[in-house]
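What follows is one structure encoded as structure tokens, with my remarks underneath.
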Amino acid sequence: MQDARRHQSLTRLVQLFDGKEWILFNPYTGEQGVPANLLLWHTGGESILDVAGGTGSRVSFSMIRQTVPALDLVGAQNKDSLFNVISIQRLPNEEQSMFKLLLLLPIGALVVVFMRIIIGLKTSGTFMPILIAMAFLQTSLVLGVVSFVLVVAMGLVLRTYLSRLNLLLISRIATLVVLVIFIISALSLIGYQMGLNTGMTITFFPMIIIAWTIERMSILWEEEGPKEVVIQGGGSILVAVLAYALMKVSIIEHLTFNFPELNLVALALIMLMGQYTGYKLSELRRFRAMVDNNAGKISGKIQGLMHESAICECRG
Amino acid sequence: MSQPSVNAGVDAKKTPSLMSPAGVKNWWNSWVSPWQLKRMGILGMNCRNHDFIAAYNPRSLFPLVDNKLKTKLLAEEYEVATPKLFFVVNSQHEIEHIEDKIMALEAFAVKPAKGSGGKGILVIIGRKGEKFIKSSGAEITLEDIRRHMSNALAGLYSLGGKPDVVIIEDLIQFDDYFKDYSYEGVPDIRIIIFKGYPVMAMLRLATHKSDGKANLHQGAVGVGLDIATGRALNAVQHSKPVTHHPDTKRALNEIQIADWRNWLLLAARCYEMTGLGYIGTDLVLDKVRGAQLLELNARPGLAIQVANGRGLLPRLRHVESLKERMHRTAEQRVDYVMKTFTADGL
């Protein structure tokens, strides 16, 4: 047998009994023994197909190679176990793939917690980067980053116009949601026409979250200036890319899906970091100036003291 | 506040590229070891959130400081000096009927109750016929004020865009003492109060760069004040030491806050008022009525350490080590810190 062959017919073999065991012979070549990849379909002399009142009948076989996960085998063996009954693998394929994504979320949360508590990176919106990372999983990374920046940038331009209209907050956000949907549809249609089939997948972006991001960034722009927007936007994309990179590692994907209880490890790490009261990496830079200023003050004081002592010596 | 701090003595423009060995060394030198920060007793963000805000500020009391209206009513109840409240606008339809009330006022400030970081504050310093004059000198109409109020009510300036109320209060008549020290803006004094003890203070002076705002990360000058005397200790702008105000050129080390004990007392009494263990109090000086409480902050920033050139932790741990009820009144606590937290001491 070979993988993915169609219209295969059966091969006849001859079987001999030598008094102790049956031996197979290929009657065409005289080869003895069991050939590799053999599937015994039928023994004996009865016909394979009986046709009554029909003509032109033919029997052919198709083959496909399909691997069955070890888990299925285990499942098949322990059909009645409770764990097996409520396992994710019992769900229809579509729901399983949803669970696959869902069970990756803790990894994203872990990245966000680490980047914010230990590193001290500023992001726009706490968990927005995870949702963006999930969207990157659906698109590809480069395309995802480019289209995300494009959508937010276009949204910011439109938002400056909205701020002139003096809308109430709720309707302004709602307007942004509608505009973001338009932007994303337009981008994916253009992408499709340009032959980028993957362009369609940017519809996976969480639109409501993006609308909020645009709103927050535009307020940030007005209050703190474009620099802060770039810092926070860049931080968000960095965290999203890191989370994406981790979620994309096939071993992590495999472990979180097949052993969901491993997410408890991520949970433990998150809770552990919640207890961390040391300095953030960014603070080691932030307070650098203070150390320098103090060093200057102390050396100034010492100089002053030396000056005084010189005066004393003169008097002496 | 994450200003890249350039090393003293190194010209920022001539910073070698990161590729060269000198560049790597320079970059490496822009970091400081956590042990050194610890030796200096500098309070980090995680430690502040975990050991002080979460431990001493019950969540249920946060609304008292996050909502300026509640703070104000509470301050009036506890007889803590605060700018007089004229009236409150609670809903959009009330905006139609503000004309009579507004026309009776000469100078006033419009503030969203839940605005943070000075957002959405409109200051009217005078009138010119039908027009109102803003602090920047620009003239606006009643209709502009109405629009501003409508935005504030809808939650434009509040945390998370929640619906808000608008308060209209008396304008602070700034004392002339600070006139030469602040440019185009409002100087204020931030005092950190821990369990009722004033632990650190700074004067914030607006500059041209900070656009009249007293926020350090926007370029305002922060002057650390000696808790014992109210004298200037140290001044920084963008985390770098300065000796003179960049715009008015006045020497900053001459600053001496008059009647300093009263300032500390006003701040210390906010502990009894709110019940919050770790708060930042923002005070201003009124020409006629003296020191006034402007607002409270349940998550005061860490920049006050840079302005003072010293860390908060030793003082905070010292206050933690004091026996409960050792000092029963605000007066006793203020007298204690004025003796203990001196410039050369703790």
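We label chains A, B, ... in the order they appear in the structure tokens, count residues from 1 in each chain, and number ligands from 1 in the order shown.
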**Request:** Restrict the distance test to only C-alpha atoms, flag each residue of chain B within 9 Å of chain A, and return the flagged residues as a PyMOL selection string.
**Result:** chain B and resi 1-8+29-34+36-38+40+42-51+119+147+150-151+154-156+161+218+239-241+305-307+309-310
**Residues within 12 Å of Ala174 (chain A), only C-alpha atoms, excluding chain neighbours under 2 positions, as a list in words** =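 Final neighbour list, sorted by chain and number: Arg159, Leu162, Leu167, Leu168, Leu169, Ile170, Ser171, Arg172, Leu176, Val177, Val178, Leu179, Val180, Ile181, Met207, Ile208, Ile209, Ile210, Ala211, Trp212, Ile214 and Glu215 of chain A.
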Considering only C-alpha atoms, return as an mmCIF file with all heavy atoms, in the first residue's frame whatever protein or nucleic-acid residues lie within 12 Å of Leu264 (chain B), sequence-local ones (same chain, fewer than 5 positions apart) excluded.
data_model
loop_
_atom_site.group_PDB
_atom_site.id
_atom_site.type_symbol
_atom_site.label_atom_id
_atom_site.label_comp_id
_atom_site.auth_asym_id
_atom_site.auth_seq_id
_atom_site.Cartn_x
_atom_site.Cartn_y
_atom_site.Cartn_z
ATOM 1 N N ILE B 189 1.965 72.836 46.296
ATOM 2 C CA ILE B 189 2.832 72.064 47.173
ATOM 3 C C ILE B 189 2.219 70.695 47.376
ATOM 4 O O ILE B 189 1.056 70.561 47.744
ATOM 5 C CB ILE B 189 3.027 72.784 48.532
ATOM 6 C CG1 ILE B 189 3.823 74.071 48.303
ATOM 7 C CG2 ILE B 189 3.752 71.872 49.526
ATOM 8 C CD1 ILE B 189 4.119 74.849 49.551
ATOM 9 N N ARG B 190 3.022 69.669 47.049
ATOM 10 C CA ARG B 190 2.581 68.290 47.226
ATOM 11 C C ARG B 190 3.242 67.763 48.496
ATOM 12 O O ARG B 190 4.458 67.835 48.637
ATOM 13 C CB ARG B 190 2.980 67.486 45.991
ATOM 14 C CG ARG B 190 3.154 65.983 46.160
ATOM 15 C CD ARG B 190 1.885 65.222 46.417
ATOM 16 N NE ARG B 190 0.859 65.324 45.400
ATOM 17 C CZ ARG B 190 0.732 64.493 44.373
ATOM 18 N NH1 ARG B 190 1.602 63.544 44.172
ATOM 19 N NH2 ARG B 190 -0.264 64.624 43.530
ATOM 20 N N ILE B 191 2.425 67.292 49.434
ATOM 21 C CA ILE B 191 2.975 66.692 50.647
ATOM 22 C C ILE B 191 2.447 65.265 50.746
ATOM 23 O O ILE B 191 1.235 65.036 50.637
ATOM 24 C CB ILE B 191 2.586 67.483 51.917
ATOM 25 C CG1 ILE B 191 3.050 68.938 51.783
ATOM 26 C CG2 ILE B 191 3.213 66.847 53.156
ATOM 27 C CD1 ILE B 191 2.675 69.820 52.960
ATOM 28 N N ILE B 192 3.353 64.307 50.904
ATOM 29 C CA ILE B 192 2.943 62.907 51.080
ATOM 30 C C ILE B 192 2.658 62.689 52.565
ATOM 31 O O ILE B 192 3.483 63.020 53.418
ATOM 32 C CB ILE B 192 4.047 61.935 50.642
ATOM 33 C CG1 ILE B 192 4.490 62.217 49.219
ATOM 34 C CG2 ILE B 192 3.609 60.486 50.854
ATOM 35 C CD1 ILE B 192 3.799 61.438 48.158
ATOM 36 N N ILE B 193 1.460 62.175 52.844
ATOM 37 C CA ILE B 193 1.066 61.912 54.225
ATOM 38 C C ILE B 193 0.962 60.408 54.408
ATOM 39 O O ILE B 193 0.201 59.746 53.706
ATOM 40 C CB ILE B 193 -0.316 62.545 54.523
ATOM 41 C CG1 ILE B 193 -0.311 64.031 54.208
ATOM 42 C CG2 ILE B 193 -0.720 62.291 55.974
ATOM 43 C CD1 ILE B 193 0.600 64.831 55.074
ATOM 44 N N GLY B 196 -0.880 59.692 58.549
ATOM 45 C CA GLY B 196 -1.085 60.979 59.215
ATOM 46 C C GLY B 196 0.186 61.781 59.429
ATOM 47 O O GLY B 196 0.117 62.920 59.868
ATOM 48 N N TYR B 197 1.336 61.199 59.125
ATOM 49 C CA TYR B 197 2.597 61.922 59.292
ATOM 50 C C TYR B 197 3.062 62.469 57.935
ATOM 51 O O TYR B 197 3.182 61.700 56.987
ATOM 52 C CB TYR B 197 3.698 60.990 59.817
ATOM 53 C CG TYR B 197 3.454 60.450 61.196
ATOM 54 C CD1 TYR B 197 2.697 59.300 61.389
ATOM 55 C CD2 TYR B 197 4.004 61.077 62.304
ATOM 56 C CE1 TYR B 197 2.476 58.795 62.651
ATOM 57 C CE2 TYR B 197 3.796 60.563 63.581
ATOM 58 C CZ TYR B 197 3.029 59.428 63.750
ATOM 59 O OH TYR B 197 2.820 58.934 65.005
ATOM 60 N N PRO B 198 3.332 63.761 57.846
ATOM 61 C CA PRO B 198 3.920 64.269 56.607
ATOM 62 C C PRO B 198 5.327 63.684 56.452
ATOM 63 O O PRO B 198 6.124 63.780 57.375
ATOM 64 C CB PRO B 198 3.997 65.783 56.835
ATOM 65 C CG PRO B 198 3.060 66.048 57.966
ATOM 66 C CD PRO B 198 3.074 64.828 58.818
ATOM 67 N N VAL B 199 5.590 63.009 55.313
ATOM 68 C CA VAL B 199 6.891 62.378 55.167
ATOM 69 C C VAL B 199 7.793 63.053 54.141
ATOM 70 O O VAL B 199 9.011 62.993 54.257
ATOM 71 C CB VAL B 199 6.783 60.874 54.831
ATOM 72 C CG1 VAL B 199 6.362 60.085 56.044
ATOM 73 C CG2 VAL B 199 5.838 60.634 53.687
ATOM 74 N N MET B 200 7.200 63.702 53.149
ATOM 75 C CA MET B 200 8.039 64.366 52.161
ATOM 76 C C MET B 200 7.214 65.452 51.474
ATOM 77 O O MET B 200 5.998 65.310 51.344
ATOM 78 C CB MET B 200 8.576 63.369 51.139
ATOM 79 C CG MET B 200 9.874 63.795 50.492
ATOM 80 S SD MET B 200 10.609 62.499 49.488
ATOM 81 C CE MET B 200 11.796 61.797 50.615
ATOM 82 N N ALA B 201 7.893 66.524 51.056
ATOM 83 C CA ALA B 201 7.155 67.633 50.450
ATOM 84 C C ALA B 201 7.922 68.177 49.259
ATOM 85 O O ALA B 201 9.146 68.124 49.221
ATOM 86 C CB ALA B 201 6.947 68.740 51.486
ATOM 87 N N MET B 202 7.174 68.673 48.306
ATOM 88 C CA MET B 202 7.832 69.387 47.197
ATOM 89 C C MET B 202 6.935 70.494 46.669
ATOM 90 O O MET B 202 5.712 70.438 46.766
ATOM 91 C CB MET B 202 8.222 68.429 46.073
ATOM 92 C CG MET B 202 7.097 67.988 45.184
ATOM 93 S SD MET B 202 7.753 67.191 43.701
ATOM 94 C CE MET B 202 6.350 66.204 43.226
ATOM 95 N N LEU B 225 11.287 70.189 49.499
ATOM 96 C CA LEU B 225 11.218 71.092 50.646
ATOM 97 C C LEU B 225 11.590 70.332 51.914
ATOM 98 O O LEU B 225 11.178 69.187 52.102
ATOM 99 C CB LEU B 225 9.807 71.667 50.788
ATOM 100 C CG LEU B 225 9.318 72.539 49.636
ATOM 101 C CD1 LEU B 225 7.866 72.904 49.854
ATOM 102 C CD2 LEU B 225 10.163 73.794 49.490
ATOM 103 N N ASP B 226 12.355 70.989 52.757
ATOM 104 C CA ASP B 226 12.738 70.416 54.031
ATOM 105 C C ASP B 226 11.499 70.309 54.926
ATOM 106 O O ASP B 226 10.819 71.317 55.169
ATOM 107 C CB ASP B 226 13.806 71.319 54.669
ATOM 108 C CG ASP B 226 14.331 70.730 55.960
ATOM 109 O OD1 ASP B 226 14.003 69.570 56.242
ATOM 110 O OD2 ASP B 226 15.059 71.449 56.666
ATOM 111 N N ILE B 227 11.196 69.100 55.396
ATOM 112 C CA ILE B 227 10.016 68.918 56.249
ATOM 113 C C ILE B 227 10.157 69.729 57.544
ATOM 114 O O ILE B 227 9.187 70.260 58.083
ATOM 115 C CB ILE B 227 9.828 67.411 56.577
ATOM 116 C CG1 ILE B 227 9.282 66.665 55.364
ATOM 117 C CG2 ILE B 227 8.914 67.203 57.774
ATOM 118 C CD1 ILE B 227 7.824 66.873 55.082
ATOM 119 N N ALA B 228 11.376 69.871 58.027
ATOM 120 C CA ALA B 228 11.578 70.557 59.299
ATOM 121 C C ALA B 228 11.367 72.062 59.203
ATOM 122 O O ALA B 228 10.852 72.690 60.131
ATOM 123 C CB ALA B 228 12.974 70.260 59.824
ATOM 124 N N THR B 229 11.759 72.668 58.069
ATOM 125 C CA THR B 229 11.781 74.131 58.005
ATOM 126 C C THR B 229 10.967 74.728 56.862
ATOM 127 O O THR B 229 10.665 75.918 56.876
ATOM 128 C CB THR B 229 13.227 74.630 57.838
ATOM 129 O OG1 THR B 229 13.727 74.086 56.608
ATOM 130 C CG2 THR B 229 14.104 74.181 58.991
ATOM 131 N N GLY B 230 10.660 73.936 55.812
ATOM 132 C CA GLY B 230 9.983 74.498 54.653
ATOM 133 C C GLY B 230 10.923 75.223 53.709
ATOM 134 O O GLY B 230 10.484 75.992 52.851
ATOM 135 N N ILE B 257 9.113 78.573 52.521
ATOM 136 C CA ILE B 257 7.655 78.666 52.646
ATOM 137 C C ILE B 257 7.323 79.267 54.020
ATOM 138 O O ILE B 257 7.754 78.748 55.049
ATOM 139 C CB ILE B 257 6.998 77.285 52.507
ATOM 140 C CG1 ILE B 257 7.488 76.560 51.253
ATOM 141 C CG2 ILE B 257 5.486 77.403 52.534
ATOM 142 C CD1 ILE B 257 7.091 77.188 49.967
ATOM 143 N N ALA B 258 6.568 80.357 53.990
ATOM 144 C CA ALA B 258 6.199 81.008 55.252
ATOM 145 C C ALA B 258 5.160 80.157 55.979
ATOM 146 O O ALA B 258 4.355 79.469 55.341
ATOM 147 C CB ALA B 258 5.629 82.392 54.951
ATOM 148 N N ASP B 259 5.192 80.201 57.284
ATOM 149 C CA ASP B 259 4.164 79.536 58.077
ATOM 150 C C ASP B 259 4.119 78.032 57.805
ATOM 151 O O ASP B 259 3.051 77.441 57.669
ATOM 152 C CB ASP B 259 2.791 80.159 57.723
ATOM 153 C CG ASP B 259 1.919 80.240 58.958
ATOM 154 O OD1 ASP B 259 2.391 79.819 60.025
ATOM 155 O OD2 ASP B 259 0.778 80.721 58.836
ATOM 156 N N ARG B 269 -4.030 66.766 58.581
ATOM 157 C CA ARG B 269 -5.422 66.564 58.984
ATOM 158 C C ARG B 269 -6.235 65.821 57.936
ATOM 159 O O ARG B 269 -7.321 65.317 58.222
ATOM 160 C CB ARG B 269 -6.060 67.913 59.322
ATOM 161 C CG ARG B 269 -5.690 68.338 60.744
ATOM 162 C CD ARG B 269 -5.979 69.782 61.009
ATOM 163 N NE ARG B 269 -7.346 70.141 60.748
ATOM 164 C CZ ARG B 269 -7.733 71.376 60.390
ATOM 165 N NH1 ARG B 269 -6.834 72.333 60.276
ATOM 166 N NH2 ARG B 269 -8.994 71.634 60.185
ATOM 167 N N CYS B 270 -5.701 65.726 56.719
ATOM 168 C CA CYS B 270 -6.405 64.976 55.676
ATOM 169 C C CYS B 270 -6.444 63.482 56.005
ATOM 170 O O CYS B 270 -7.240 62.740 55.434
ATOM 171 C CB CYS B 270 -5.735 65.183 54.326
ATOM 172 S SG CYS B 270 -5.867 66.869 53.762
ATOM 173 N N TYR B 271 -5.566 63.031 56.898
ATOM 174 C CA TYR B 271 -5.575 61.620 57.295
ATOM 175 C C TYR B 271 -6.850 61.301 58.061
ATOM 176 O O TYR B 271 -7.560 60.335 57.748
ATOM 177 C CB TYR B 271 -4.332 61.322 58.135
ATOM 178 C CG TYR B 271 -4.320 59.949 58.751
ATOM 179 C CD1 TYR B 271 -4.380 58.809 57.959
ATOM 180 C CD2 TYR B 271 -4.236 59.789 60.132
ATOM 181 C CE1 TYR B 271 -4.353 57.552 58.522
ATOM 182 C CE2 TYR B 271 -4.212 58.525 60.698
ATOM 183 C CZ TYR B 271 -4.275 57.411 59.896
ATOM 184 O OH TYR B 271 -4.260 56.168 60.450
ATOM 185 N N THR B 281 -1.213 65.104 49.165
ATOM 186 C CA THR B 281 -2.112 66.252 49.278
ATOM 187 C C THR B 281 -1.556 67.374 48.413
ATOM 188 O O THR B 281 -0.360 67.641 48.437
ATOM 189 C CB THR B 281 -2.197 66.742 50.727
ATOM 190 O OG1 THR B 281 -0.872 67.056 51.170
ATOM 191 C CG2 THR B 281 -2.755 65.673 51.645
ATOM 192 N N ASP B 282 -2.417 68.004 47.628
ATOM 193 C CA ASP B 282 -1.994 69.132 46.808
ATOM 194 C C ASP B 282 -2.551 70.417 47.417
ATOM 195 O O ASP B 282 -3.761 70.617 47.479
ATOM 196 C CB ASP B 282 -2.499 68.967 45.370
ATOM 197 C CG ASP B 282 -1.799 67.823 44.670
ATOM 198 O OD1 ASP B 282 -0.755 67.367 45.197
ATOM 199 O OD2 ASP B 282 -2.270 67.394 43.613
ATOM 200 N N LEU B 283 -1.635 71.291 47.860
ATOM 201 C CA LEU B 283 -2.044 72.522 48.528
ATOM 202 C C LEU B 283 -1.621 73.725 47.712
ATOM 203 O O LEU B 283 -0.620 73.688 46.994
ATOM 204 C CB LEU B 283 -1.391 72.598 49.918
ATOM 205 C CG LEU B 283 -1.444 71.349 50.796
ATOM 206 C CD1 LEU B 283 -0.643 71.567 52.057
ATOM 207 C CD2 LEU B 283 -2.876 71.013 51.140
ATOM 208 N N ALA B 291 -3.155 78.905 53.114
ATOM 209 C CA ALA B 291 -3.011 77.583 52.492
ATOM 210 C C ALA B 291 -4.375 76.924 52.316
ATOM 211 O O ALA B 291 -5.209 76.958 53.223
ATOM 212 C CB ALA B 291 -2.108 76.710 53.349
ATOM 213 N N GLN B 292 -4.591 76.371 51.154
ATOM 214 C CA GLN B 292 -5.866 75.732 50.830
ATOM 215 C C GLN B 292 -5.615 74.346 50.256
ATOM 216 O O GLN B 292 -4.663 74.152 49.501
ATOM 217 C CB GLN B 292 -6.587 76.545 49.736
ATOM 218 C CG GLN B 292 -6.801 77.996 50.059
ATOM 219 C CD GLN B 292 -8.159 78.224 50.680
ATOM 220 O OE1 GLN B 292 -9.163 77.800 50.157
ATOM 221 N NE2 GLN B 292 -8.162 78.886 51.819
ATOM 222 N N LEU B 293 -6.506 73.404 50.600
ATOM 223 C CA LEU B 293 -6.411 72.065 50.019
ATOM 224 C C LEU B 293 -7.073 72.070 48.653
ATOM 225 O O LEU B 293 -8.242 72.432 48.525
ATOM 226 C CB LEU B 293 -7.107 71.049 50.928
ATOM 227 C CG LEU B 293 -7.235 69.643 50.342
ATOM 228 C CD1 LEU B 293 -5.880 68.986 50.253
ATOM 229 C CD2 LEU B 293 -8.195 68.805 51.161
ATOM 230 N N ALA B 330 -3.086 65.708 64.981
ATOM 231 C CA ALA B 330 -2.287 66.156 63.849
ATOM 232 C C ALA B 330 -1.146 67.052 64.336
ATOM 233 O O ALA B 330 -0.032 66.995 63.807
ATOM 234 C CB ALA B 330 -3.171 66.903 62.859
ATOM 235 N N GLU B 331 -1.423 67.897 65.363
ATOM 236 C CA GLU B 331 -0.380 68.787 65.891
ATOM 237 C C GLU B 331 0.813 67.986 66.403
ATOM 238 O O GLU B 331 1.959 68.302 66.117
ATOM 239 C CB GLU B 331 -0.925 69.663 67.045
ATOM 240 C CG GLU B 331 -1.759 70.846 66.603
ATOM 241 C CD GLU B 331 -3.220 70.466 66.388
ATOM 242 O OE1 GLU B 331 -3.560 69.261 66.530
ATOM 243 O OE2 GLU B 331 -4.016 71.362 66.058
ATOM 244 N N GLN B 332 0.507 66.925 67.164
ATOM 245 C CA GLN B 332 1.586 66.106 67.725
ATOM 246 C C GLN B 332 2.402 65.438 66.616
ATOM 247 O O GLN B 332 3.624 65.381 66.681
ATOM 248 C CB GLN B 332 1.001 65.029 68.648
ATOM 249 C CG GLN B 332 0.588 65.582 70.000
ATOM 250 C CD GLN B 332 -0.159 64.552 70.821
ATOM 251 O OE1 GLN B 332 -0.717 63.595 70.286
ATOM 252 N NE2 GLN B 332 -0.183 64.756 72.128
ATOM 253 N N ARG B 333 1.694 64.974 65.600
ATOM 254 C CA ARG B 333 2.403 64.292 64.502
ATOM 255 C C ARG B 333 3.296 65.275 63.751
ATOM 256 O O ARG B 333 4.435 64.955 63.403
ATOM 257 C CB ARG B 333 1.395 63.648 63.550
ATOM 258 C CG ARG B 333 0.621 62.485 64.140
ATOM 259 C CD ARG B 333 -0.059 61.677 63.069
ATOM 260 N NE ARG B 333 -0.951 62.481 62.245
ATOM 261 C CZ ARG B 333 -2.263 62.600 62.453
ATOM 262 N NH1 ARG B 333 -2.825 61.949 63.432
ATOM 263 N NH2 ARG B 333 -2.997 63.346 61.664
ATOM 264 N N VAL B 334 2.764 66.486 63.502
ATOM 265 C CA VAL B 334 3.549 67.483 62.775
ATOM 266 C C VAL B 334 4.776 67.882 63.590
ATOM 267 O O VAL B 334 5.896 67.966 63.049
ATOM 268 C CB VAL B 334 2.671 68.706 62.429
ATOM 269 C CG1 VAL B 334 3.543 69.873 61.967
ATOM 270 C CG2 VAL B 334 1.659 68.345 61.356
ATOM 271 N N ASP B 335 4.605 68.092 64.889
ATOM 272 C CA ASP B 335 5.751 68.451 65.721
ATOM 273 C C ASP B 335 6.799 67.348 65.694
ATOM 274 O O ASP B 335 7.997 67.611 65.660
ATOM 275 C CB ASP B 335 5.300 68.724 67.162
ATOM 276 C CG ASP B 335 4.529 70.038 67.258
ATOM 277 O OD1 ASP B 335 4.747 70.887 66.362
ATOM 278 O OD2 ASP B 335 3.715 70.193 68.177
ATOM 279 N N TYR B 336 6.311 66.093 65.672
ATOM 280 C CA TYR B 336 7.237 64.972 65.668
ATOM 281 C C TYR B 336 8.057 64.948 64.382
ATOM 282 O O TYR B 336 9.280 64.814 64.408
ATOM 283 C CB TYR B 336 6.467 63.662 65.843
ATOM 284 C CG TYR B 336 7.366 62.454 65.832
ATOM 285 C CD1 TYR B 336 8.157 62.140 66.934
ATOM 286 C CD2 TYR B 336 7.455 61.646 64.702
ATOM 287 C CE1 TYR B 336 9.001 61.059 66.919
ATOM 288 C CE2 TYR B 336 8.301 60.550 64.678
ATOM 289 C CZ TYR B 336 9.068 60.262 65.789
ATOM 290 O OH TYR B 336 9.916 59.181 65.765
ATOM 291 N N VAL B 337 7.376 65.082 63.231
ATOM 292 C CA VAL B 337 8.130 64.991 61.969
ATOM 293 C C VAL B 337 9.055 66.193 61.787
ATOM 294 O O VAL B 337 10.127 66.081 61.207
ATOM 295 C CB VAL B 337 7.223 64.837 60.720
ATOM 296 C CG1 VAL B 337 6.479 63.528 60.762
ATOM 297 C CG2 VAL B 337 6.281 66.008 60.557
ATOM 298 N N MET B 338 8.658 67.362 62.321
ATOM 299 C CA MET B 338 9.527 68.533 62.152
ATOM 300 C C MET B 338 10.822 68.351 62.940
ATOM 301 O O MET B 338 11.848 68.933 62.617
ATOM 302 C CB MET B 338 8.795 69.816 62.571
ATOM 303 C CG MET B 338 7.756 70.246 61.536
ATOM 304 S SD MET B 338 6.833 71.721 61.986
ATOM 305 C CE MET B 338 7.959 73.012 61.515
#
**Request:** For Gly33 (chain A), please output as a ChimeraX atom specification all residues within 12 Å (counting only C-alpha atoms; exclusion window: fewer than 5 positions along the same chain).
**Result:** /A:13-16,21-27,38
**Message:** Please compute the CA of Ser210 (chain B)-CA of Val157 (chain A) distance, one decimal, in Å.
**Reply:**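 A separation of 25.7 Å between them.
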**Prompt:** Interatomic distance between CA of Thr340 (chain B) and CA of Tyr56 (chain B)?
**Reply:**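 Atom-to-atom, CA of Thr340 (chain B) and CA of Tyr56 (chain B) are spaced 22.1 Å apart.
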**Request:** Could you give me the residues within region 26-189 of chain B that DSSP places in helix (DSSP H, G or I), as number ranges by chain?
**Result:** B: 26-29, 34-39, 45-56, 59-66, 68-77, 92-97, 99-103, 142-154, 159-161, 176-178
**Message:** Please compute the CA of Gly185 (chain B)-CA of Ala220 (chain B) distance, one decimal, in Å.
**Reply:**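 Interatomic distance here is 9.9 Å.
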